[in-house]
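Below is one structure, written out as structure tokens; the observations come after it.
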Amino acid sequence: MQLGHALIKEQLFFRKELMERVDWFIRLRWLFAAAGFAAVTVLAATNPDAPVLPMTAVFCCIFCYNGFFWLISRQLRRSDGRAVEVHIRFAHVQISLDLAALFLIIYLTGGLFSPVAVFAVFHIIIAGILLSPASCYTYGGIILAVVGSMAFLQKSGLLPVHPPLFHPASDLYEPNAFQWFPFFVLYAAALSITAALTTSIKTSLQKKGRELLHVSKELEENNCKLTALYEMVKVMGSCSGLQLLMDSATRSTAKIMGVKGCSIKLLDDSGQQLRFASTYGLSGDYLAKGGVDVCKSAVNRSVIEGACHAVGNIHESDGFQYPEEIAKEGISSMVCLPLRVEGSIFGVFCVYSDVIHFFKHEDIRFFELISDLTALAIENLRSELNKTWFLQKAAHQLRSPLDTAHSIIKTLVEEYLGPLAAPQKETLNRLEKRIGFLRKMISDLLDLGIRRSGSEKKQIVEMDCADLLTAIVPQIRIQAQQKGIELEVAVAEQLPKIHADRKMVDDIFVNLISNALKYTPAGGKVSVSLAADERGRLRFRITDTGIGIPPEHLPRLFVEFSRAANAKAFAEEGSGLGMVIVKESVDRLKGSIHVSSKEAEGTTVTVLLPAESEFQKSAHLLDTVSIDRL
Amino acid sequence: MAKNADILIVDDDKDLVSTMRVVLESRSYQVRTAANGKEGYARIQEKPPDLLILDVMMDTATEGFDLAYKLRNQEAYKGIPIVMVTSFPQKMAEEGPERFQHILGENWPVTQFIEKPVNPEDLLDAVDTLLTRSS
């Protein structure tokens, strides 16, 4: 697509118009020559004294040179992209020849008093619009000079006089000595006014065009900047580490602003020193000076207090802690802005130029926008990392003592610390079971917490679910045997591969199978199957002959900590989080879950996961939607 | 070699250390202990153990891995089998802690992972197998 300002530029100087009009002239000239021949024929029939032969010769000439122009024009069209100067020269040649032909016709049809003399106005207008004002006035001058000389020579008897067109043939034509001068003055005035009007309108149009060009250029520059800013924000949004994010911000900002370098300095805990957290385009020597003491740098102090500091010429400015290093680095101008979120300032964002007085007001305003967005991105990521850190720390702190207690109990139960009486062993077993349950509860809660904090790292890989299920089977077979439950596992051959996070699929399988085993009494049956459905999706189905889910509880099946009354009565332990984790995993994998159950008869849970291609399609769609929203 | 073998446990959880000590001493292993990576390295320098049992998170989140890599890069210690005790044996075996993910697969320093809570049987199985193999 042609850029807006380039289009305007072309229109502004009438270049495109000129190129198109060259063809238009030629077509018009065919008509003019044809009309001329017709007029000469009529003239020959109505006025025997009319100079039919010379006029026919003139129109023949017009016809011939127009044919020649037509050939040149075709040639020019073929070699598209020729310099506009060629077209200008071509227009000059055409106007000159047309004027020459017009002068002859004017002479043959009455000289100054010829009705055809008015046609010269068209040439003035055309030259005024398509060519320079000087050309327009030159052609005007030539026309007046030629027509004036013609009148003068005819008046002096040096040039034979032809009666004006449509002058009755019977009347003797003898121009009065006083007639030609006022006529010439009027003619000259008409041509001059036409030239002045045309050129002034054109000049005014060009001026407006220039203004439009300027605005359009600015708009395009802003558009480019905003697009670059959008890309920058998109990249920052996908950064998982603070350093990566800041490095991406400084690099992109330096490029968008077109400057030598860029830096992000963050305030330390004391609030007294600014440390370089990320830089781009600055030398190691410059950075070796270390952080900036807020109390020694008036510039940085004012920025920390919320001011925007733009220095046009650093060499004339004081208030820097390291003026020599700045000069050595070749920095001439800089703008420093606070990194601020909701009024709280945590750092300084600077851009450095090696050109003096580089930054304009608009540049600074744009940099403010970049700075605010970067501050927001840093703060968001920090809070996300803090949440993850907190949850991970909490996980460790909670699990650690439990794991140790659990290990101690295992050591006790297995009699490493001496033999145990049966009731003691039984009690310790119960204790071990409860600790195991507590551990599972903590794991589930923290898993959900990390997942909902949005900081969970998904690792989408192409995976074979049959392998995953087969790996779980031995473990669940033992559990089933211990409980006296019949377990049936059917895995179809040639299953579709899916793109998914292994842990999420594992969560779905393990939680659903554990639930089925947990809520099925001894002597019952649990069937697990993995197959492809008719739409090529992966279908995981688990059917049990367990206690079932009461109809009134079904709507609350995926609500945290919610357990049906019959479930509580049947099994004391249960976090009420297993199905929540299953549902969230299924949703994230863009699958669906269906539960059908009859109390005291059993439950069937079916999970459908999109096959590889479908998942990619829906993931792509999601990307598109999020982009549209932005 | 297996009996009386010298085992060093590096873990900051004293209760877990004493539990493991009880289990290992039941098989007549000689057990030494250290509460962090630095102390552990000092014990190893005093006398390289026949086997090392390491915790992952101690003073820092990756202290166990730091020590394991340090040993793997030293000719004198690189042959010591390392058992790592973790709450996430699968995650650790597949990814390691976050800081080490970039070197995943390159001379993975841990010989075997065992899961917390420590099952005495599993611990003894791992230790017996590794000591028999290395002898």
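Numbering starts fresh at 1 for the residues of each chain in the structure tokens, the chains themselves are lettered A, B, ... in the order given, and ligands are numbered from 1 as they appear.
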Distance filter 9 Å, only C-alpha atoms, chain B against chain A, as a ChimeraX atom specification
/B:13,15-16,19-20,22-23,26,57,87,116-121
Write out as a PDB file with all heavy atoms, in the first residue's frame each polymer residue whose atoms come within 10 Å of stretch 60-74 of chain A, counting only C-alpha atoms; drop sequence neighbours fewer than 5 positions from it.
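result-v4.pdb, written as the output of this step:
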```pdb
ATOM      1  N   MET A  19       0.874  13.354 -15.534  1.00  0.00           N
ATOM      2  CA  MET A  19       1.094  12.145 -16.333  1.00  0.00           C
ATOM      3  C   MET A  19      -0.211  11.692 -16.984  1.00  0.00           C
ATOM      4  O   MET A  19      -0.246  11.288 -18.140  1.00  0.00           O
ATOM      5  CB  MET A  19       1.671  11.039 -15.460  1.00  0.00           C
ATOM      6  CG  MET A  19       3.091  11.356 -15.022  1.00  0.00           C
ATOM      7  SD  MET A  19       3.744  10.081 -13.962  1.00  0.00           S
ATOM      8  CE  MET A  19       5.219  10.854 -13.368  1.00  0.00           C
ATOM      9  N   VAL A  22      -1.424  14.113 -19.874  1.00  0.00           N
ATOM     10  CA  VAL A  22      -0.697  14.032 -21.147  1.00  0.00           C
ATOM     11  C   VAL A  22      -1.499  13.172 -22.124  1.00  0.00           C
ATOM     12  O   VAL A  22      -1.698  13.535 -23.285  1.00  0.00           O
ATOM     13  CB  VAL A  22       0.718  13.447 -20.901  1.00  0.00           C
ATOM     14  CG1 VAL A  22       1.349  12.974 -22.194  1.00  0.00           C
ATOM     15  CG2 VAL A  22       1.596  14.494 -20.244  1.00  0.00           C
ATOM     16  N   ASP A  23      -2.033  12.069 -21.624  1.00  0.00           N
ATOM     17  CA  ASP A  23      -2.880  11.207 -22.458  1.00  0.00           C
ATOM     18  C   ASP A  23      -4.184  11.903 -22.816  1.00  0.00           C
ATOM     19  O   ASP A  23      -4.699  11.808 -23.923  1.00  0.00           O
ATOM     20  CB  ASP A  23      -3.220   9.919 -21.698  1.00  0.00           C
ATOM     21  CG  ASP A  23      -2.049   8.969 -21.720  1.00  0.00           C
ATOM     22  OD1 ASP A  23      -1.117   9.213 -22.515  1.00  0.00           O
ATOM     23  OD2 ASP A  23      -2.054   8.010 -20.933  1.00  0.00           O
ATOM     24  N   PHE A  25      -4.730  15.094 -23.082  1.00  0.00           N
ATOM     25  CA  PHE A  25      -4.462  16.110 -24.133  1.00  0.00           C
ATOM     26  C   PHE A  25      -4.566  15.484 -25.515  1.00  0.00           C
ATOM     27  O   PHE A  25      -5.152  16.045 -26.437  1.00  0.00           O
ATOM     28  CB  PHE A  25      -3.002  16.614 -24.031  1.00  0.00           C
ATOM     29  CG  PHE A  25      -2.762  17.592 -22.916  1.00  0.00           C
ATOM     30  CD1 PHE A  25      -1.465  17.858 -22.481  1.00  0.00           C
ATOM     31  CD2 PHE A  25      -3.813  18.260 -22.313  1.00  0.00           C
ATOM     32  CE1 PHE A  25      -1.220  18.739 -21.463  1.00  0.00           C
ATOM     33  CE2 PHE A  25      -3.552  19.152 -21.290  1.00  0.00           C
ATOM     34  CZ  PHE A  25      -2.266  19.385 -20.862  1.00  0.00           C
ATOM     35  N   ILE A  26      -3.951  14.309 -25.615  1.00  0.00           N
ATOM     36  CA  ILE A  26      -3.873  13.664 -26.938  1.00  0.00           C
ATOM     37  C   ILE A  26      -5.284  13.293 -27.429  1.00  0.00           C
ATOM     38  O   ILE A  26      -5.656  13.580 -28.572  1.00  0.00           O
ATOM     39  CB  ILE A  26      -2.944  12.429 -26.877  1.00  0.00           C
ATOM     40  CG1 ILE A  26      -1.501  12.911 -26.610  1.00  0.00           C
ATOM     41  CG2 ILE A  26      -3.009  11.616 -28.154  1.00  0.00           C
ATOM     42  CD1 ILE A  26      -0.517  11.841 -26.256  1.00  0.00           C
ATOM     43  N   ARG A  27      -6.078  12.729 -26.484  1.00  0.00           N
ATOM     44  CA  ARG A  27      -7.450  12.350 -26.872  1.00  0.00           C
ATOM     45  C   ARG A  27      -8.244  13.588 -27.260  1.00  0.00           C
ATOM     46  O   ARG A  27      -8.986  13.605 -28.248  1.00  0.00           O
ATOM     47  CB  ARG A  27      -8.115  11.610 -25.708  1.00  0.00           C
ATOM     48  CG  ARG A  27      -7.652  10.170 -25.560  1.00  0.00           C
ATOM     49  CD  ARG A  27      -8.690   9.349 -24.807  1.00  0.00           C
ATOM     50  NE  ARG A  27      -8.890   9.819 -23.441  1.00  0.00           N
ATOM     51  CZ  ARG A  27      -8.113   9.455 -22.407  1.00  0.00           C
ATOM     52  NH1 ARG A  27      -7.093   8.634 -22.617  1.00  0.00           N
ATOM     53  NH2 ARG A  27      -8.346   9.921 -21.210  1.00  0.00           N
ATOM     54  N   LEU A  28      -8.066  14.648 -26.481  1.00  0.00           N
ATOM     55  CA  LEU A  28      -8.799  15.898 -26.741  1.00  0.00           C
ATOM     56  C   LEU A  28      -8.410  16.478 -28.096  1.00  0.00           C
ATOM     57  O   LEU A  28      -9.247  17.015 -28.848  1.00  0.00           O
ATOM     58  CB  LEU A  28      -8.473  16.895 -25.620  1.00  0.00           C
ATOM     59  CG  LEU A  28      -9.445  18.050 -25.455  1.00  0.00           C
ATOM     60  CD1 LEU A  28     -10.789  17.543 -24.956  1.00  0.00           C
ATOM     61  CD2 LEU A  28      -8.893  19.064 -24.439  1.00  0.00           C
ATOM     62  N   ARG A  29      -7.100  16.326 -28.400  1.00  0.00           N
ATOM     63  CA  ARG A  29      -6.605  16.900 -29.659  1.00  0.00           C
ATOM     64  C   ARG A  29      -7.191  16.183 -30.879  1.00  0.00           C
ATOM     65  O   ARG A  29      -7.441  16.795 -31.899  1.00  0.00           O
ATOM     66  CB  ARG A  29      -5.071  16.843 -29.668  1.00  0.00           C
ATOM     67  CG  ARG A  29      -4.451  17.934 -30.510  1.00  0.00           C
ATOM     68  CD  ARG A  29      -2.952  17.939 -30.387  1.00  0.00           C
ATOM     69  NE  ARG A  29      -2.472  18.511 -29.138  1.00  0.00           N
ATOM     70  CZ  ARG A  29      -1.852  17.832 -28.198  1.00  0.00           C
ATOM     71  NH1 ARG A  29      -1.633  16.541 -28.339  1.00  0.00           N
ATOM     72  NH2 ARG A  29      -1.438  18.434 -27.115  1.00  0.00           N
ATOM     73  N   TRP A  30      -7.422  14.853 -30.735  1.00  0.00           N
ATOM     74  CA  TRP A  30      -8.095  14.127 -31.841  1.00  0.00           C
ATOM     75  C   TRP A  30      -9.454  14.767 -32.100  1.00  0.00           C
ATOM     76  O   TRP A  30      -9.831  15.049 -33.234  1.00  0.00           O
ATOM     77  CB  TRP A  30      -8.330  12.641 -31.495  1.00  0.00           C
ATOM     78  CG  TRP A  30      -7.108  11.752 -31.417  1.00  0.00           C
ATOM     79  CD1 TRP A  30      -6.778  10.945 -30.387  1.00  0.00           C
ATOM     80  CD2 TRP A  30      -6.099  11.560 -32.413  1.00  0.00           C
ATOM     81  NE1 TRP A  30      -5.616  10.263 -30.634  1.00  0.00           N
ATOM     82  CE2 TRP A  30      -5.169  10.631 -31.901  1.00  0.00           C
ATOM     83  CE3 TRP A  30      -5.863  12.102 -33.678  1.00  0.00           C
ATOM     84  CZ2 TRP A  30      -4.048  10.213 -32.597  1.00  0.00           C
ATOM     85  CZ3 TRP A  30      -4.740  11.675 -34.373  1.00  0.00           C
ATOM     86  CH2 TRP A  30      -3.847  10.744 -33.834  1.00  0.00           C
ATOM     87  N   LEU A  31     -10.168  15.026 -31.015  1.00  0.00           N
ATOM     88  CA  LEU A  31     -11.507  15.624 -31.131  1.00  0.00           C
ATOM     89  C   LEU A  31     -11.416  17.011 -31.752  1.00  0.00           C
ATOM     90  O   LEU A  31     -12.192  17.389 -32.641  1.00  0.00           O
ATOM     91  CB  LEU A  31     -12.153  15.747 -29.746  1.00  0.00           C
ATOM     92  CG  LEU A  31     -12.700  14.455 -29.149  1.00  0.00           C
ATOM     93  CD1 LEU A  31     -13.239  14.713 -27.738  1.00  0.00           C
ATOM     94  CD2 LEU A  31     -13.837  13.919 -30.038  1.00  0.00           C
ATOM     95  N   PHE A  32     -10.403  17.772 -31.254  1.00  0.00           N
ATOM     96  CA  PHE A  32     -10.238  19.148 -31.731  1.00  0.00           C
ATOM     97  C   PHE A  32      -9.931  19.153 -33.236  1.00  0.00           C
ATOM     98  O   PHE A  32     -10.521  19.939 -34.001  1.00  0.00           O
ATOM     99  CB  PHE A  32      -9.103  19.813 -30.947  1.00  0.00           C
ATOM    100  CG  PHE A  32      -8.887  21.251 -31.310  1.00  0.00           C
ATOM    101  CD1 PHE A  32      -9.788  22.238 -30.922  1.00  0.00           C
ATOM    102  CD2 PHE A  32      -7.790  21.639 -32.087  1.00  0.00           C
ATOM    103  CE1 PHE A  32      -9.591  23.561 -31.275  1.00  0.00           C
ATOM    104  CE2 PHE A  32      -7.590  22.964 -32.444  1.00  0.00           C
ATOM    105  CZ  PHE A  32      -8.493  23.930 -32.031  1.00  0.00           C
ATOM    106  N   ALA A  33      -9.035  18.230 -33.669  1.00  0.00           N
ATOM    107  CA  ALA A  33      -8.675  18.164 -35.081  1.00  0.00           C
ATOM    108  C   ALA A  33      -9.893  17.764 -35.917  1.00  0.00           C
ATOM    109  O   ALA A  33     -10.176  18.364 -36.972  1.00  0.00           O
ATOM    110  CB  ALA A  33      -7.541  17.159 -35.275  1.00  0.00           C
ATOM    111  N   ALA A  34     -10.671  16.785 -35.389  1.00  0.00           N
ATOM    112  CA  ALA A  34     -11.862  16.329 -36.122  1.00  0.00           C
ATOM    113  C   ALA A  34     -12.860  17.470 -36.234  1.00  0.00           C
ATOM    114  O   ALA A  34     -13.425  17.737 -37.314  1.00  0.00           O
ATOM    115  CB  ALA A  34     -12.471  15.141 -35.396  1.00  0.00           C
ATOM    116  N   GLY A  36     -12.166  20.585 -36.121  1.00  0.00           N
ATOM    117  CA  GLY A  36     -11.558  21.573 -37.024  1.00  0.00           C
ATOM    118  C   GLY A  36     -11.868  21.243 -38.482  1.00  0.00           C
ATOM    119  O   GLY A  36     -12.296  22.132 -39.252  1.00  0.00           O
ATOM    120  N   PHE A  37     -11.671  19.952 -38.812  1.00  0.00           N
ATOM    121  CA  PHE A  37     -11.974  19.541 -40.197  1.00  0.00           C
ATOM    122  C   PHE A  37     -13.447  19.794 -40.532  1.00  0.00           C
ATOM    123  O   PHE A  37     -13.783  20.301 -41.607  1.00  0.00           O
ATOM    124  CB  PHE A  37     -11.640  18.052 -40.406  1.00  0.00           C
ATOM    125  CG  PHE A  37     -10.156  17.801 -40.569  1.00  0.00           C
ATOM    126  CD1 PHE A  37      -9.487  16.888 -39.779  1.00  0.00           C
ATOM    127  CD2 PHE A  37      -9.424  18.501 -41.563  1.00  0.00           C
ATOM    128  CE1 PHE A  37      -8.143  16.669 -39.928  1.00  0.00           C
ATOM    129  CE2 PHE A  37      -8.067  18.265 -41.707  1.00  0.00           C
ATOM    130  CZ  PHE A  37      -7.416  17.355 -40.903  1.00  0.00           C
ATOM    131  N   PRO A  54      -5.287  26.784 -46.227  1.00  0.00           N
ATOM    132  CA  PRO A  54      -4.307  26.854 -45.129  1.00  0.00           C
ATOM    133  C   PRO A  54      -4.839  26.273 -43.818  1.00  0.00           C
ATOM    134  O   PRO A  54      -4.115  25.623 -43.064  1.00  0.00           O
ATOM    135  CB  PRO A  54      -4.024  28.348 -44.970  1.00  0.00           C
ATOM    136  CG  PRO A  54      -4.822  29.063 -45.976  1.00  0.00           C
ATOM    137  CD  PRO A  54      -5.595  28.106 -46.804  1.00  0.00           C
ATOM    138  N   MET A  55      -6.156  26.489 -43.616  1.00  0.00           N
ATOM    139  CA  MET A  55      -6.709  25.958 -42.359  1.00  0.00           C
ATOM    140  C   MET A  55      -6.703  24.431 -42.376  1.00  0.00           C
ATOM    141  O   MET A  55      -6.397  23.782 -41.360  1.00  0.00           O
ATOM    142  CB  MET A  55      -8.126  26.487 -42.131  1.00  0.00           C
ATOM    143  CG  MET A  55      -8.096  27.894 -41.538  1.00  0.00           C
ATOM    144  SD  MET A  55      -9.691  28.588 -41.268  1.00  0.00           S
ATOM    145  CE  MET A  55     -10.216  27.723 -39.835  1.00  0.00           C
ATOM    146  N   SER A  79       7.538   2.468 -20.309  1.00  0.00           N
ATOM    147  CA  SER A  79       8.659   2.634 -19.371  1.00  0.00           C
ATOM    148  C   SER A  79       8.160   3.391 -18.149  1.00  0.00           C
ATOM    149  O   SER A  79       8.557   4.505 -17.871  1.00  0.00           O
ATOM    150  CB  SER A  79       9.803   3.388 -20.041  1.00  0.00           C
ATOM    151  OG  SER A  79       9.294   4.597 -20.556  1.00  0.00           O
ATOM    152  N   HIS A  87       7.903  13.932 -18.438  1.00  0.00           N
ATOM    153  CA  HIS A  87       6.505  14.280 -18.705  1.00  0.00           C
ATOM    154  C   HIS A  87       6.332  15.789 -18.795  1.00  0.00           C
ATOM    155  O   HIS A  87       5.527  16.281 -19.587  1.00  0.00           O
ATOM    156  CB  HIS A  87       5.619  13.706 -17.597  1.00  0.00           C
ATOM    157  CG  HIS A  87       5.539  12.210 -17.629  1.00  0.00           C
ATOM    158  ND1 HIS A  87       4.608  11.533 -18.354  1.00  0.00           N
ATOM    159  CD2 HIS A  87       6.328  11.271 -17.062  1.00  0.00           C
ATOM    160  CE1 HIS A  87       4.797  10.230 -18.217  1.00  0.00           C
ATOM    161  NE2 HIS A  87       5.846  10.052 -17.434  1.00  0.00           N
ATOM    162  N   PHE A  90       7.511  16.856 -22.113  1.00  0.00           N
ATOM    163  CA  PHE A  90       6.542  16.414 -23.105  1.00  0.00           C
ATOM    164  C   PHE A  90       5.341  17.371 -23.136  1.00  0.00           C
ATOM    165  O   PHE A  90       4.838  17.749 -24.198  1.00  0.00           O
ATOM    166  CB  PHE A  90       6.110  14.983 -22.748  1.00  0.00           C
ATOM    167  CG  PHE A  90       5.303  14.285 -23.801  1.00  0.00           C
ATOM    168  CD1 PHE A  90       5.542  14.493 -25.164  1.00  0.00           C
ATOM    169  CD2 PHE A  90       4.280  13.408 -23.462  1.00  0.00           C
ATOM    170  CE1 PHE A  90       4.793  13.838 -26.133  1.00  0.00           C
ATOM    171  CE2 PHE A  90       3.530  12.751 -24.425  1.00  0.00           C
ATOM    172  CZ  PHE A  90       3.791  12.980 -25.765  1.00  0.00           C
ATOM    173  N   VAL A  93       6.327  20.591 -24.919  1.00  0.00           N
ATOM    174  CA  VAL A  93       6.366  20.426 -26.379  1.00  0.00           C
ATOM    175  C   VAL A  93       4.952  20.480 -26.938  1.00  0.00           C
ATOM    176  O   VAL A  93       4.668  21.174 -27.929  1.00  0.00           O
ATOM    177  CB  VAL A  93       7.058  19.075 -26.745  1.00  0.00           C
ATOM    178  CG1 VAL A  93       6.909  18.781 -28.225  1.00  0.00           C
ATOM    179  CG2 VAL A  93       8.516  19.105 -26.342  1.00  0.00           C
ATOM    180  N   GLN A  94       4.025  19.778 -26.240  1.00  0.00           N
ATOM    181  CA  GLN A  94       2.641  19.747 -26.736  1.00  0.00           C
ATOM    182  C   GLN A  94       2.010  21.136 -26.705  1.00  0.00           C
ATOM    183  O   GLN A  94       1.380  21.569 -27.676  1.00  0.00           O
ATOM    184  CB  GLN A  94       1.815  18.802 -25.876  1.00  0.00           C
ATOM    185  CG  GLN A  94       2.192  17.349 -26.095  1.00  0.00           C
ATOM    186  CD  GLN A  94       1.200  16.420 -25.404  1.00  0.00           C
ATOM    187  OE1 GLN A  94       0.020  16.445 -25.697  1.00  0.00           O
ATOM    188  NE2 GLN A  94       1.693  15.611 -24.505  1.00  0.00           N
ATOM    189  N   LEU A  97       3.520  23.400 -29.468  1.00  0.00           N
ATOM    190  CA  LEU A  97       3.021  23.101 -30.812  1.00  0.00           C
ATOM    191  C   LEU A  97       1.554  23.500 -30.950  1.00  0.00           C
ATOM    192  O   LEU A  97       1.135  24.045 -31.981  1.00  0.00           O
ATOM    193  CB  LEU A  97       3.194  21.619 -31.126  1.00  0.00           C
ATOM    194  CG  LEU A  97       4.589  21.216 -31.602  1.00  0.00           C
ATOM    195  CD1 LEU A  97       4.697  19.720 -31.779  1.00  0.00           C
ATOM    196  CD2 LEU A  97       4.945  21.909 -32.919  1.00  0.00           C
ATOM    197  N   ASP A  98       0.773  23.226 -29.858  1.00  0.00           N
ATOM    198  CA  ASP A  98      -0.640  23.619 -29.884  1.00  0.00           C
ATOM    199  C   ASP A  98      -0.781  25.126 -30.046  1.00  0.00           C
ATOM    200  O   ASP A  98      -1.631  25.614 -30.797  1.00  0.00           O
ATOM    201  CB  ASP A  98      -1.333  23.192 -28.587  1.00  0.00           C
ATOM    202  CG  ASP A  98      -1.700  21.723 -28.612  1.00  0.00           C
ATOM    203  OD1 ASP A  98      -1.664  21.137 -29.710  1.00  0.00           O
ATOM    204  OD2 ASP A  98      -1.985  21.168 -27.539  1.00  0.00           O
ATOM    205  N   ALA A 100       1.419  27.142 -31.391  1.00  0.00           N
ATOM    206  CA  ALA A 100       1.834  27.513 -32.751  1.00  0.00           C
ATOM    207  C   ALA A 100       0.673  27.312 -33.724  1.00  0.00           C
ATOM    208  O   ALA A 100       0.357  28.195 -34.549  1.00  0.00           O
ATOM    209  CB  ALA A 100       3.036  26.668 -33.166  1.00  0.00           C
ATOM    210  N   ALA A 101      -0.015  26.132 -33.579  1.00  0.00           N
ATOM    211  CA  ALA A 101      -1.160  25.857 -34.450  1.00  0.00           C
ATOM    212  C   ALA A 101      -2.262  26.867 -34.190  1.00  0.00           C
ATOM    213  O   ALA A 101      -2.910  27.371 -35.132  1.00  0.00           O
ATOM    214  CB  ALA A 101      -1.652  24.442 -34.193  1.00  0.00           C
ATOM    215  N   LEU A 102      -2.459  27.190 -32.880  1.00  0.00           N
ATOM    216  CA  LEU A 102      -3.519  28.144 -32.515  1.00  0.00           C
ATOM    217  C   LEU A 102      -3.235  29.522 -33.121  1.00  0.00           C
ATOM    218  O   LEU A 102      -4.145  30.190 -33.637  1.00  0.00           O
ATOM    219  CB  LEU A 102      -3.617  28.225 -30.993  1.00  0.00           C
ATOM    220  CG  LEU A 102      -4.760  29.076 -30.449  1.00  0.00           C
ATOM    221  CD1 LEU A 102      -6.108  28.431 -30.772  1.00  0.00           C
ATOM    222  CD2 LEU A 102      -4.651  29.261 -28.936  1.00  0.00           C
TER     223      LEU A 102
END
```
Please provide as a VMD selection string all residues within 12 Å of A:Ala50, with the sequence filter that same-chain residues fewer than 3 positions apart are discarded (counting only C-alpha atoms).
chain A and resid 39 to 47 53 to 56 105 108 to 110 161 to 169
Skipping near chain neighbours, those fewer than 6 positions away, what residues fall within 10 Å of B:Asp50 using only C-alpha atoms, listed as a list in words?
Met1, Ala2, Asn4, Ala5, Asp6, Ile7, Leu8, Gln30, Ile44, Tyr77, Gly79, Ile80, Pro81, Ile82, Leu130, Leu131, Ser134 and Ser135 of chain B
Coordinates-based distance that separates atom CA of A:Ile356 from atom CA of A:Leu373 (Å, one decimal)
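Atom CA of A:Ile356 lies at a distance of 26.8 Å from atom CA of A:Leu373.
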Once DSSP has gone over the backbone, tell me which residues of stretch 145-303 of chain A are in strand (DSSP E), as a tab-separated table (two decimals) with N, CA, C and O atoms, in the first residue's frame.
```tsv
chain	number	residue	atom	x	y	z
A	261	GLY	N	21.28	5.20	23.63
A	261	GLY	CA	21.19	4.23	24.71
A	261	GLY	C	19.99	4.48	25.61
A	261	GLY	O	19.28	5.48	25.48
A	262	CYS	N	19.82	3.54	26.51
A	262	CYS	CA	18.66	3.60	27.40
A	262	CYS	C	19.01	2.84	28.68
A	262	CYS	O	19.80	1.90	28.64
A	263	SER	N	18.46	3.29	29.80
A	263	SER	CA	18.76	2.55	31.03
A	263	SER	C	17.57	2.55	31.98
A	263	SER	O	16.73	3.45	31.94
A	264	ILE	N	17.53	1.50	32.78
A	264	ILE	CA	16.55	1.46	33.88
A	264	ILE	C	17.37	1.36	35.16
A	264	ILE	O	18.21	0.47	35.30
A	265	LYS	N	17.14	2.33	36.05
A	265	LYS	CA	17.82	2.27	37.35
A	265	LYS	C	16.73	2.05	38.40
A	265	LYS	O	15.68	2.70	38.35
A	266	LEU	N	17.00	1.14	39.32
A	266	LEU	CA	16.00	0.87	40.36
A	266	LEU	C	16.52	1.35	41.71
A	266	LEU	O	17.72	1.24	42.00
A	267	LEU	N	15.61	1.89	42.50
A	267	LEU	CA	15.98	2.35	43.85
A	267	LEU	C	16.27	1.16	44.75
A	267	LEU	O	15.56	0.16	44.69
A	273	GLN	N	19.99	4.98	46.87
A	273	GLN	CA	20.85	4.70	45.71
A	273	GLN	C	20.05	4.10	44.57
A	273	GLN	O	19.12	3.31	44.79
A	274	LEU	N	20.43	4.55	43.36
A	274	LEU	CA	19.81	3.99	42.16
A	274	LEU	C	20.83	3.06	41.52
A	274	LEU	O	21.95	3.46	41.21
A	275	ARG	N	20.44	1.81	41.31
A	275	ARG	CA	21.37	0.85	40.70
A	275	ARG	C	20.91	0.57	39.28
A	275	ARG	O	19.72	0.45	39.02
A	276	PHE	N	21.89	0.41	38.37
A	276	PHE	CA	21.55	0.07	37.00
A	276	PHE	C	20.99	-1.35	36.98
A	276	PHE	O	21.69	-2.31	37.32
A	277	ALA	N	19.71	-1.46	36.59
A	277	ALA	CA	19.10	-2.79	36.55
A	277	ALA	C	19.15	-3.34	35.13
A	277	ALA	O	19.24	-4.55	34.92
A	278	SER	N	19.11	-2.44	34.15
A	278	SER	CA	19.22	-2.88	32.75
A	278	SER	C	19.68	-1.69	31.91
A	278	SER	O	19.26	-0.55	32.13
A	279	THR	N	20.59	-1.95	30.96
A	279	THR	CA	21.04	-0.87	30.08
A	279	THR	C	21.11	-1.38	28.66
A	279	THR	O	21.22	-2.58	28.43
A	280	TYR	N	21.05	-0.43	27.74
A	280	TYR	CA	21.24	-0.78	26.33
A	280	TYR	C	22.06	0.35	25.69
A	280	TYR	O	21.76	1.52	25.89
A	292	VAL	N	23.98	5.38	41.34
A	292	VAL	CA	23.94	6.83	41.52
A	292	VAL	C	23.40	7.12	42.92
A	292	VAL	O	22.37	6.56	43.31
A	293	ASP	N	24.13	7.95	43.65
A	293	ASP	CA	23.63	8.34	44.97
A	293	ASP	C	22.61	9.45	44.78
A	293	ASP	O	22.94	10.50	44.20
```
Could you write out, as a PyMOL selection string, all the residues of stretch 360-531 of chain A that DSSP marks as alpha helix (DSSP H)?
chain A and resi 361-413+422-452+465-483+502-518
Could you tell me which of A:Val348, A:Ala522, A:Val355, A:Leu18 comes closest to A:Ser332 if we count only C-alpha atoms?
A:Val355
Considering only C-alpha atoms, return as a ChimeraX atom specification whatever protein or nucleic-acid residues lie within 12 Å of A:Ser252, sequence-local ones (same chain, fewer than 2 positions apart) excluded.
/A:225,227-236,245-250,254-263,279-281,351,367,370-371,374
